[in-house]
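So this block is my_file.txt, compact mmCIF, C-alpha atoms:
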# COMPACT_ATOMS: atom_id res chain seq x y z
CA MET A 119 -66.14 29.72 41.35
CA LYS A 120 -64.00 30.13 44.49
CA SER A 121 -65.51 28.93 47.75
CA ILE A 122 -64.98 31.04 50.82
CA PHE A 123 -65.86 29.90 54.31
CA ILE A 124 -66.64 32.51 56.95
CA VAL A 125 -66.20 30.94 60.40
CA LEU A 126 -67.65 32.50 63.54
CA PRO A 127 -66.80 30.76 66.82
CA ALA A 128 -69.66 31.46 69.23
CA PHE A 129 -70.25 30.80 72.89
CA ASN A 130 -73.45 32.06 74.51
CA GLU A 131 -73.98 34.80 71.93
CA GLU A 132 -77.80 34.71 71.71
CA LYS A 133 -78.02 38.45 72.38
CA VAL A 134 -76.09 39.43 69.26
CA ILE A 135 -75.65 36.45 66.92
CA GLY A 136 -78.87 37.07 64.99
CA LYS A 137 -77.98 40.67 64.17
CA VAL A 138 -74.35 39.79 63.39
CA LEU A 139 -75.45 37.10 60.89
CA GLU A 140 -78.00 39.43 59.27
CA THR A 141 -75.39 42.15 58.72
CA LEU A 142 -72.93 39.55 57.46
CA SER A 143 -75.37 38.05 54.93
CA LYS A 144 -76.30 41.53 53.69
CA GLU A 145 -72.65 42.40 53.15
CA LEU A 146 -71.75 39.08 51.49
CA SER A 147 -74.66 39.36 49.05
CA LYS A 148 -72.95 42.46 47.61
CA ILE A 149 -69.88 40.42 46.58
CA LYS A 150 -70.55 38.66 43.28
CA ASN A 151 -69.08 35.49 41.72
CA ILE A 152 -67.94 34.02 45.01
CA ASP A 153 -69.55 31.13 46.83
CA PHE A 154 -69.71 32.13 50.49
CA LYS A 155 -70.55 29.69 53.23
CA VAL A 156 -71.10 31.05 56.71
CA VAL A 157 -70.26 28.56 59.47
CA VAL A 158 -71.13 29.18 63.11
CA VAL A 159 -69.23 26.93 65.52
CA ASP A 160 -71.39 26.83 68.62
CA ASP A 161 -68.96 25.94 71.38
CA GLY A 162 -71.36 24.18 73.72
CA SER A 163 -73.50 27.25 74.45
CA TRP A 164 -76.21 26.79 77.03
CA ASP A 165 -78.36 29.53 75.52
CA ASN A 166 -80.17 29.73 72.15
CA THR A 167 -77.11 30.58 70.02
CA SER A 168 -77.51 27.47 67.79
CA LEU A 169 -81.25 27.91 67.39
CA ILE A 170 -80.96 31.55 66.35
CA ALA A 171 -78.08 30.80 63.96
CA LYS A 172 -80.01 27.94 62.33
CA LYS A 173 -82.97 30.30 61.74
CA LYS A 174 -80.61 32.56 59.78
CA LYS A 175 -79.95 29.63 57.41
CA VAL A 176 -76.25 29.34 58.05
CA CYS A 177 -74.26 26.17 58.66
CA VAL A 178 -74.07 25.40 62.41
CA LEU A 179 -71.53 23.03 63.93
CA ARG A 180 -72.29 22.35 67.55
CA HIS A 181 -69.77 21.19 70.13
CA PRO A 182 -71.61 19.08 72.71
CA ILE A 183 -69.35 20.57 75.42
CA ASN A 184 -67.39 23.81 75.65
CA ARG A 185 -63.81 23.49 74.32
CA GLY A 186 -62.75 27.11 74.03
CA LEU A 187 -61.87 29.49 71.22
CA GLY A 188 -58.95 27.38 69.95
CA GLY A 189 -61.09 24.26 69.82
CA SER A 190 -63.86 26.10 67.92
CA LEU A 191 -61.53 27.70 65.39
CA ALA A 192 -59.87 24.36 64.71
CA THR A 193 -63.31 22.79 64.15
CA GLY A 194 -64.15 25.53 61.64
CA MET A 195 -60.82 25.03 59.88
CA GLU A 196 -61.21 21.24 59.78
CA PHE A 197 -64.71 21.63 58.31
CA ALA A 198 -63.42 24.05 55.67
CA LYS A 199 -60.59 21.65 54.82
CA ARG A 200 -62.93 18.68 54.40
CA GLN A 201 -65.26 20.80 52.26
CA LYS A 202 -62.25 21.82 50.12
CA ALA A 203 -62.67 25.53 50.76
CA ASP A 204 -60.39 27.87 48.81
CA TYR A 205 -60.28 30.54 51.50
CA LEU A 206 -61.29 30.87 55.10
CA VAL A 207 -62.07 34.01 57.08
CA THR A 208 -62.58 33.97 60.83
CA LEU A 209 -64.33 36.73 62.72
CA ASP A 210 -65.73 37.19 66.20
CA ALA A 211 -69.41 36.49 66.79
CA ASP A 212 -69.82 39.34 69.29
CA GLY A 213 -70.27 41.95 66.56
CA GLN A 214 -66.98 43.80 67.06
CA HIS A 215 -65.86 43.17 63.46
CA ASP A 216 -67.26 44.98 60.46
CA PRO A 217 -68.20 42.51 57.68
CA GLN A 218 -67.27 45.21 55.14
CA ASP A 219 -63.64 44.42 55.98
CA ILE A 220 -63.97 40.86 54.62
CA LYS A 221 -63.17 42.21 51.14
CA LYS A 222 -59.98 43.82 52.51
CA ILE A 223 -58.94 40.58 54.20
CA LEU A 224 -59.60 38.52 51.07
CA SER A 225 -57.80 40.82 48.66
CA PRO A 226 -54.16 39.77 49.45
CA LEU A 227 -55.23 36.12 49.59
CA ILE A 228 -56.94 36.13 46.20
CA GLY A 229 -54.12 38.25 44.77
CA GLU A 230 -51.66 35.55 46.00
CA LYS A 231 -49.75 38.09 48.06
CA ALA A 232 -50.39 36.26 51.33
CA ASP A 233 -51.16 32.85 52.78
CA VAL A 234 -52.45 34.33 56.03
CA VAL A 235 -53.95 37.78 56.61
CA ILE A 236 -54.43 39.30 60.05
CA GLY A 237 -56.85 42.17 60.50
CA ILE A 238 -55.07 44.76 62.60
CA ARG A 239 -57.17 46.84 64.95
CA ASP A 240 -56.49 50.55 65.26
CA LEU A 241 -54.40 50.75 68.43
CA LYS A 242 -55.23 54.45 68.88
CA LYS A 243 -58.92 53.67 69.29
CA MET A 244 -58.27 50.75 71.63
CA PRO A 245 -58.94 51.10 75.39
CA PHE A 246 -55.64 51.52 77.29
CA ASP A 247 -55.66 48.14 79.06
CA ARG A 248 -56.35 46.37 75.77
CA LYS A 249 -53.57 48.32 74.08
CA LEU A 250 -51.11 47.23 76.77
CA MET A 251 -52.27 43.63 76.58
CA THR A 252 -51.98 43.64 72.77
CA PHE A 253 -48.44 45.00 72.99
CA PHE A 254 -47.34 42.37 75.52
CA SER A 255 -49.00 39.59 73.52
CA SER A 256 -47.19 40.68 70.37
CA CYS A 257 -43.83 40.76 72.20
CA LEU A 258 -44.49 37.39 73.81
CA THR A 259 -45.50 35.82 70.50
CA PHE A 260 -42.32 37.15 68.93
CA LEU A 261 -40.17 35.78 71.78
CA LEU A 262 -41.79 32.36 71.73
CA PHE A 263 -42.45 31.83 68.04
CA GLY A 264 -40.21 34.33 66.24
CA VAL A 265 -42.95 36.12 64.28
CA TYR A 266 -43.88 39.73 64.97
CA CYS A 267 -47.37 41.03 64.29
CA SER A 268 -48.69 44.28 65.73
CA ASP A 269 -52.00 42.69 66.77
CA THR A 270 -51.63 38.99 67.43
CA GLN A 271 -54.87 38.85 69.39
CA SER A 272 -57.11 39.95 66.54
CA GLY A 273 -59.87 37.47 65.71
CA PHE A 274 -60.27 38.73 62.14
CA ARG A 275 -58.06 36.47 60.03
CA GLY A 276 -57.92 35.11 56.52
CA PHE A 277 -56.32 31.91 55.23
CA ASN A 278 -55.76 30.45 51.78
CA LYS A 279 -55.91 26.77 50.86
CA LYS A 280 -52.25 26.16 51.71
CA ALA A 281 -52.74 27.61 55.20
CA ILE A 282 -56.02 25.75 55.75
CA LYS A 283 -54.29 22.50 54.80
CA ASN A 284 -51.18 22.94 56.95
CA ILE A 285 -52.21 24.75 60.12
CA LYS A 286 -52.84 22.36 63.00
CA ILE A 287 -54.20 23.94 66.16
CA LYS A 288 -53.33 22.21 69.43
CA THR A 289 -54.29 24.78 72.06
CA GLN A 290 -57.83 24.99 73.34
CA ARG A 291 -58.53 28.48 74.52
CA MET A 292 -57.49 32.11 73.99
CA GLU A 293 -53.82 31.13 73.50
CA VAL A 294 -54.79 30.03 69.99
CA SER A 295 -54.34 33.63 68.77
CA SER A 296 -50.60 33.33 69.41
CA GLU A 297 -50.39 29.69 68.32
CA PHE A 298 -51.35 30.68 64.77
CA PHE A 299 -47.95 32.40 64.56
CA HIS A 300 -46.18 29.19 65.59
CA GLU A 301 -47.81 27.52 62.59
CA ILE A 302 -47.11 30.48 60.28
CA LYS A 303 -43.41 30.19 61.14
CA LYS A 304 -43.37 26.38 60.95
CA PHE A 305 -44.90 26.24 57.45
CA LYS A 306 -43.21 29.44 56.22
CA LEU A 307 -46.56 31.03 55.38
CA LYS A 308 -46.64 34.55 53.95
CA LEU A 309 -48.23 36.91 56.47
CA VAL A 310 -49.86 40.24 55.63
CA GLU A 311 -51.38 42.70 58.11
CA ILE A 312 -54.44 44.68 57.03
CA PRO A 313 -55.98 47.51 59.10
CA ILE A 314 -59.58 46.85 60.08
CA LYS A 315 -62.37 48.67 61.87
CA VAL A 316 -63.45 47.53 65.31
CA ILE A 317 -66.74 48.32 66.97
CA TYR A 318 -66.20 48.38 70.74
CA THR A 319 -69.38 47.91 72.72
CA ALA A 320 -69.91 47.15 76.40
CA TYR A 321 -70.99 43.68 75.26
CA SER A 322 -67.84 42.99 73.23
CA ARG A 323 -65.67 44.29 76.10
CA GLU A 324 -67.40 41.94 78.51
CA LYS A 325 -67.12 38.96 76.16
CA GLY A 326 -63.53 39.58 75.13
CA GLN A 327 -60.29 38.34 76.60
CA LYS A 328 -59.86 39.08 80.31
CA ASN A 329 -56.59 40.75 81.27
CA VAL A 330 -56.21 38.46 84.30
CA ASN A 331 -55.94 35.49 81.94
CA ALA A 332 -52.57 36.71 80.68
CA ILE A 333 -50.51 34.48 83.02
CA LYS A 334 -52.60 31.42 82.20
CA ILE A 335 -52.13 32.08 78.48
CA LEU A 336 -48.38 32.48 78.97
CA VAL A 337 -48.11 29.11 80.77
CA LYS A 338 -50.16 27.37 78.07
CA LEU A 339 -48.03 28.85 75.32
CA ILE A 340 -44.81 27.68 77.01
CA LEU A 341 -46.29 24.21 77.39
CA ARG A 342 -47.26 24.31 73.70
CA LEU A 343 -43.57 24.56 72.80
CA PHE A 344 -42.92 21.17 74.39
CA ARG A 345 -45.88 19.29 72.90
CA MET B 64 -19.41 -7.91 105.01
CA SER B 65 -22.23 -7.55 107.50
CA LEU B 66 -25.09 -5.22 106.79
CA TYR B 67 -26.68 -3.41 109.72
CA LEU B 68 -29.83 -1.53 108.85
CA LEU B 69 -31.69 0.94 111.02
CA PRO B 70 -35.50 0.52 111.26
CA VAL B 71 -35.98 3.67 109.11
CA GLN B 72 -33.75 2.16 106.41
CA ILE B 73 -35.77 -1.06 106.44
CA LEU B 74 -39.02 0.89 106.09
CA LEU B 75 -37.61 2.95 103.21
CA LEU B 76 -36.35 -0.23 101.49
CA ILE B 77 -39.79 -1.86 101.80
CA PHE B 78 -41.30 1.23 100.19
CA LEU B 79 -38.70 1.15 97.38
CA VAL B 80 -39.31 -2.57 96.68
CA PHE B 81 -43.01 -1.77 96.46
CA ALA B 82 -42.28 1.16 94.06
CA VAL B 83 -40.12 -1.08 91.82
CA SER B 84 -42.83 -3.76 91.78
CA ARG B 85 -45.37 -1.14 90.62
CA VAL B 86 -43.04 -0.01 87.84
CA VAL B 87 -42.54 -3.62 86.64
CA LEU B 88 -46.29 -4.25 86.82
CA ARG B 89 -47.07 -1.10 84.81
CA LEU B 90 -44.56 -2.16 82.14
CA LYS B 91 -46.22 -5.58 81.90
CA GLU B 92 -49.66 -3.94 81.59
CA GLY B 93 -48.34 -1.74 78.80
CA GLY B 94 -48.94 1.45 80.78
CA LEU B 95 -45.26 2.47 80.59
CA THR B 96 -42.90 2.75 77.65
CA PHE B 97 -39.56 0.94 77.97
CA GLY B 98 -37.76 4.31 78.26
CA ALA B 99 -40.05 5.44 81.09
CA PHE B 100 -39.58 2.04 82.76
CA LEU B 101 -35.78 2.45 82.71
CA PHE B 102 -36.10 6.01 84.04
CA TRP B 103 -38.23 4.99 87.01
CA LEU B 104 -36.22 1.85 87.70
CA GLY B 105 -33.05 3.98 87.73
CA ILE B 106 -34.60 6.49 90.14
CA TRP B 107 -35.77 3.84 92.62
CA LEU B 108 -32.53 1.82 92.41
CA LEU B 109 -30.50 4.97 93.07
CA GLY B 110 -32.79 5.68 96.02
CA GLY B 111 -32.23 2.13 97.31
CA PHE B 112 -28.47 2.50 97.02
CA ALA B 113 -28.59 5.80 98.94
CA VAL B 114 -30.67 4.15 101.70
CA ILE B 115 -28.27 1.19 102.09
CA LYS B 116 -25.12 3.30 101.79
CA PRO B 117 -25.87 6.85 103.10
CA SER B 118 -22.18 7.77 102.82
CA PHE B 119 -22.67 7.67 99.04
CA THR B 120 -24.87 10.79 99.22
CA THR B 121 -22.25 12.60 101.34
CA TYR B 122 -19.59 11.68 98.77
CA ILE B 123 -21.76 13.14 95.95
CA ALA B 124 -22.52 16.22 98.10
CA GLU B 125 -18.84 16.92 98.63
CA LYS B 126 -18.13 16.49 94.93
CA ILE B 127 -20.74 19.04 93.85
CA GLY B 128 -20.09 21.52 96.66
CA ILE B 129 -23.06 20.84 98.93
CA GLN B 130 -22.20 20.17 102.56
CA ARG B 131 -24.64 17.45 103.55
CA GLY B 132 -25.75 14.29 101.75
CA THR B 133 -29.36 14.77 102.79
CA ASP B 134 -29.35 18.21 101.10
CA VAL B 135 -28.39 16.54 97.81
CA ILE B 136 -31.40 14.26 98.13
CA ILE B 137 -33.69 17.21 98.89
CA TYR B 138 -32.40 19.23 95.91
CA LEU B 139 -32.68 16.25 93.57
CA SER B 140 -36.17 15.44 94.84
CA LEU B 141 -37.29 19.04 94.26
CA ALA B 142 -35.90 19.03 90.73
CA LEU B 143 -37.61 15.71 90.06
CA LEU B 144 -40.91 17.01 91.45
CA PHE B 145 -40.75 20.12 89.25
CA TYR B 146 -40.04 17.93 86.25
CA LEU B 147 -42.95 15.64 87.09
CA VAL B 148 -45.35 18.56 87.51
CA PHE B 149 -44.21 19.84 84.12
CA ARG B 150 -44.72 16.41 82.50
CA THR B 151 -48.15 16.11 84.13
CA ASN B 152 -49.16 19.47 82.71
CA ILE B 153 -48.06 18.43 79.23
CA PHE B 154 -50.00 15.20 79.68
CA ILE B 155 -53.13 17.09 80.73
CA GLU B 156 -52.84 19.46 77.76
CA ASN B 157 -52.51 16.51 75.39
CA LEU B 158 -55.52 14.88 77.03
CA ARG B 159 -57.54 18.10 76.58
CA GLU B 160 -56.57 18.12 72.92
CA GLU B 161 -57.74 14.52 72.53
CA ILE B 162 -61.10 15.41 74.12
CA THR B 163 -61.45 18.37 71.75
CA LYS B 164 -60.73 16.11 68.77
CA ILE B 165 -63.54 13.78 69.85
CA VAL B 166 -65.90 16.74 70.36
CA ARG B 167 -64.91 18.05 66.90
CA GLU B 168 -65.60 14.71 65.23
CA ILE B 169 -69.00 14.49 66.96
CA SER B 170 -69.97 17.96 65.69
CA LEU B 171 -68.77 17.18 62.14
CA ILE B 172 -70.51 13.76 62.05
CA ASP B 173 -73.70 15.37 63.43
CA LYS B 174 -73.60 17.89 60.60
CA LYS B 175 -73.07 15.15 58.00
CA ASN B 176 -75.97 13.09 59.37
CA LYS B 177 -78.36 16.03 59.38
CA LYS B 178 -77.74 16.75 55.69
The structure in this file should be written as structure tokens.
Amino acid sequence: MKSIFIVLPAFNEEKVIGKVLETLSKELSKIKNIDFKVVVVDDGSWDNTSLIAKKKKVCVLRHPINRGLGGSLATGMEFAKRQKADYLVTLDADGQHDPQDIKKILSPLIGEKADVVIGIRDLKKMPFDRKLMTFFSSCLTFLLFGVYCSDTQSGFRGFNKKAIKNIKIKTQRMEVSSEFFHEIKKFKLKLVEIPIKVIYTAYSREKGQKNVNAIKILVKLILRLFR
Amino acid sequence: MSLYLLPVQILLLIFLVFAVSRVVLRLKEGGLTFGAFLFWLGIWLLGGFAVIKPSFTTYIAEKIGIQRGTDVIIYLSLALLFYLVFRTNIFIENLREEITKIVREISLIDKKNKK
């Protein structure tokens, strides 16, 4: 039986994590003959994120201090690698991703058509500032790392064993979304884009990437090239 | 050949001798790689030469199309400072990564122990 790890990086998500995990478990129980393991990486939250997640009987890895999205995703990937996971899916813990899309993300991986799958958000439904930011991020990622993807900033991703084994994340924060493409290029991983649904709420907008961080992310990505 | 030094040259030379002594000390302590040691030694020795023989900077300035020797020093110092800021940033990023690795190991060991 294939083992699939679902990794949710979470930082101060006590308001929504319980509901997100409930919906996720309900959806995963519909998929038969696959061993799913849900892993919440609590990135040093100072609220009850860990406590609530533990009550939902999922695996919780807790960072003693906050290290950022990149640090959390790399922890989830390292855990999956050590546990010899066959596939890994990452999704945001703020409830903006629909767990029904997990099947869509897994399909090209299981069918050996891709090493990495990126869930592409519908740009038409995206708020204008986000759309602009997504476009610039995609262009920047292409310029720096030579891989074009229409939504580099999407947190819904899938990886097979080869990708889990090879990808090494060095960045700590939001710039990780672009760094994945550096690794995809470096290890010549097959990339497939799959359209996904996104549920925009005031909460997810507040928790998401801030537009003012764009310059900071750019500097970190340039530094990443020299490390 | 007699060597007349202005008070400002003597002060600068004292500073440079101190800087070289720090570089040697850091190499002995193992805080510098041999390559970095050579780089810093080269920088300070060049500085020392420019202090003792200021006409050298004017000669370089003329060669590269800058009018005054002191301008060459300012341009080179700026370039060096930019480079050092860049290196410091890389160093900080690497340090952050090391901290994250420790944090990661702690969380993974914690999980293993709780099983």
Q: Considering only C-alpha atoms, extract the chain B residues located within 9 Å of chain A and return them as a ChimeraX atom specification.
A: /B:149,152-154,156-157,159-160,162-164,166-171,173-174
Write the residues you've just listed into a file as a PDB file, in the frame of the given file, and include C-alpha atoms for each of them.
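Saved the output as result20.pdb:
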ATOM      1  CA  PHE B 149     -44.210  19.840  84.120  1.00  0.00           C
ATOM      2  CA  ASN B 152     -49.160  19.470  82.710  1.00  0.00           C
ATOM      3  CA  ILE B 153     -48.060  18.430  79.230  1.00  0.00           C
ATOM      4  CA  PHE B 154     -50.000  15.200  79.680  1.00  0.00           C
ATOM      5  CA  GLU B 156     -52.840  19.460  77.760  1.00  0.00           C
ATOM      6  CA  ASN B 157     -52.510  16.510  75.390  1.00  0.00           C
ATOM      7  CA  ARG B 159     -57.540  18.100  76.580  1.00  0.00           C
ATOM      8  CA  GLU B 160     -56.570  18.120  72.920  1.00  0.00           C
ATOM      9  CA  ILE B 162     -61.100  15.410  74.120  1.00  0.00           C
ATOM     10  CA  THR B 163     -61.450  18.370  71.750  1.00  0.00           C
ATOM     11  CA  LYS B 164     -60.730  16.110  68.770  1.00  0.00           C
ATOM     12  CA  VAL B 166     -65.900  16.740  70.360  1.00  0.00           C
ATOM     13  CA  ARG B 167     -64.910  18.050  66.900  1.00  0.00           C
ATOM     14  CA  GLU B 168     -65.600  14.710  65.230  1.00  0.00           C
ATOM     15  CA  ILE B 169     -69.000  14.490  66.960  1.00  0.00           C
ATOM     16  CA  SER B 170     -69.970  17.960  65.690  1.00  0.00           C
ATOM     17  CA  LEU B 171     -68.770  17.180  62.140  1.00  0.00           C
ATOM     18  CA  ASP B 173     -73.700  15.370  63.430  1.00  0.00           C
ATOM     19  CA  LYS B 174     -73.600  17.890  60.600  1.00  0.00           C
TER      20      LYS B 174
END
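When all atoms listed in the file are used to measure the gap to B:Gln72, the shortest distance among B:Ala124, B:Lys175, B:Pro117, B:Tyr146 belongs to B:Pro117.
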(Q) Please list as a PyMOL selection string every residue within 9 Å of stretch 122-132 of chain A, counting only C-alpha atoms and excluding residues in the same chain fewer than 5 positions away. (A) chain A and resi 152-171+184+186-187+190-191+194-195+198+203-212
Those residues you just picked out, can you put them in a file as a PDB file, keeping the file's coordinate frame with C-alpha atoms?
ATOM      1  CA  ILE A 152     -67.940  34.020  45.010  1.00  0.00           C
ATOM      2  CA  ASP A 153     -69.550  31.130  46.830  1.00  0.00           C
ATOM      3  CA  PHE A 154     -69.710  32.130  50.490  1.00  0.00           C
ATOM      4  CA  LYS A 155     -70.550  29.690  53.230  1.00  0.00           C
ATOM      5  CA  VAL A 156     -71.100  31.050  56.710  1.00  0.00           C
ATOM      6  CA  VAL A 157     -70.260  28.560  59.470  1.00  0.00           C
ATOM      7  CA  VAL A 158     -71.130  29.180  63.110  1.00  0.00           C
ATOM      8  CA  VAL A 159     -69.230  26.930  65.520  1.00  0.00           C
ATOM      9  CA  ASP A 160     -71.390  26.830  68.620  1.00  0.00           C
ATOM     10  CA  ASP A 161     -68.960  25.940  71.380  1.00  0.00           C
ATOM     11  CA  GLY A 162     -71.360  24.180  73.720  1.00  0.00           C
ATOM     12  CA  SER A 163     -73.500  27.250  74.450  1.00  0.00           C
ATOM     13  CA  TRP A 164     -76.210  26.790  77.030  1.00  0.00           C
ATOM     14  CA  ASP A 165     -78.360  29.530  75.520  1.00  0.00           C
ATOM     15  CA  ASN A 166     -80.170  29.730  72.150  1.00  0.00           C
ATOM     16  CA  THR A 167     -77.110  30.580  70.020  1.00  0.00           C
ATOM     17  CA  SER A 168     -77.510  27.470  67.790  1.00  0.00           C
ATOM     18  CA  LEU A 169     -81.250  27.910  67.390  1.00  0.00           C
ATOM     19  CA  ILE A 170     -80.960  31.550  66.350  1.00  0.00           C
ATOM     20  CA  ALA A 171     -78.080  30.800  63.960  1.00  0.00           C
ATOM     21  CA  ASN A 184     -67.390  23.810  75.650  1.00  0.00           C
ATOM     22  CA  GLY A 186     -62.750  27.110  74.030  1.00  0.00           C
ATOM     23  CA  LEU A 187     -61.870  29.490  71.220  1.00  0.00           C
ATOM     24  CA  SER A 190     -63.860  26.100  67.920  1.00  0.00           C
ATOM     25  CA  LEU A 191     -61.530  27.700  65.390  1.00  0.00           C
ATOM     26  CA  GLY A 194     -64.150  25.530  61.640  1.00  0.00           C
ATOM     27  CA  MET A 195     -60.820  25.030  59.880  1.00  0.00           C
ATOM     28  CA  ALA A 198     -63.420  24.050  55.670  1.00  0.00           C
ATOM     29  CA  ALA A 203     -62.670  25.530  50.760  1.00  0.00           C
ATOM     30  CA  ASP A 204     -60.390  27.870  48.810  1.00  0.00           C
ATOM     31  CA  TYR A 205     -60.280  30.540  51.500  1.00  0.00           C
ATOM     32  CA  LEU A 206     -61.290  30.870  55.100  1.00  0.00           C
ATOM     33  CA  VAL A 207     -62.070  34.010  57.080  1.00  0.00           C
ATOM     34  CA  THR A 208     -62.580  33.970  60.830  1.00  0.00           C
ATOM     35  CA  LEU A 209     -64.330  36.730  62.720  1.00  0.00           C
ATOM     36  CA  ASP A 210     -65.730  37.190  66.200  1.00  0.00           C
ATOM     37  CA  ALA A 211     -69.410  36.490  66.790  1.00  0.00           C
ATOM     38  CA  ASP A 212     -69.820  39.340  69.290  1.00  0.00           C
TER      39      ASP A 212
END
**Q.** Selection as a PyMOL selection string: residues within 12 Å of (-24.4, 19.0, 100.4), counting only C-alpha atoms
**A.** chain B and resi 118-139
Just the residues within 12 Å of A:Phe254, please, counting all atoms listed in the file, with nothing from its chain fewer than 5 positions along; format it as a PDB file with C-alpha atoms, in the coordinates of the input.
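The resulting file, around29.pdb, is shown below:
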ATOM      1  CA  ASP A 247     -55.660  48.140  79.060  1.00  0.00           C
ATOM      2  CA  ARG A 248     -56.350  46.370  75.770  1.00  0.00           C
ATOM      3  CA  LYS A 249     -53.570  48.320  74.080  1.00  0.00           C
ATOM      4  CA  THR A 259     -45.500  35.820  70.500  1.00  0.00           C
ATOM      5  CA  PHE A 260     -42.320  37.150  68.930  1.00  0.00           C
ATOM      6  CA  LEU A 261     -40.170  35.780  71.780  1.00  0.00           C
ATOM      7  CA  TYR A 266     -43.880  39.730  64.970  1.00  0.00           C
ATOM      8  CA  CYS A 267     -47.370  41.030  64.290  1.00  0.00           C
ATOM      9  CA  SER A 268     -48.690  44.280  65.730  1.00  0.00           C
ATOM     10  CA  ASP A 269     -52.000  42.690  66.770  1.00  0.00           C
ATOM     11  CA  THR A 270     -51.630  38.990  67.430  1.00  0.00           C
ATOM     12  CA  GLN A 271     -54.870  38.850  69.390  1.00  0.00           C
ATOM     13  CA  SER A 296     -50.600  33.330  69.410  1.00  0.00           C
ATOM     14  CA  ASN A 329     -56.590  40.750  81.270  1.00  0.00           C
ATOM     15  CA  ALA A 332     -52.570  36.710  80.680  1.00  0.00           C
ATOM     16  CA  ILE A 333     -50.510  34.480  83.020  1.00  0.00           C
ATOM     17  CA  ILE A 335     -52.130  32.080  78.480  1.00  0.00           C
ATOM     18  CA  LEU A 336     -48.380  32.480  78.970  1.00  0.00           C
TER      19      LEU A 336
END
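Proximity of A:Pro226, A:Gly237, A:Gly213, A:Gly136 to A:Ile314, computed with all atoms listed in the file, is greatest for A:Gly237.
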Q. For A:Pro217, which of A:Phe246, A:Phe263, A:Phe274, A:Phe305 is the closest residue, counting only C-alpha atoms?
A. A:Phe274
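Atom pair atom CA of A:Ile220 / atom CA of A:Phe277: separated by 11.8 Å.
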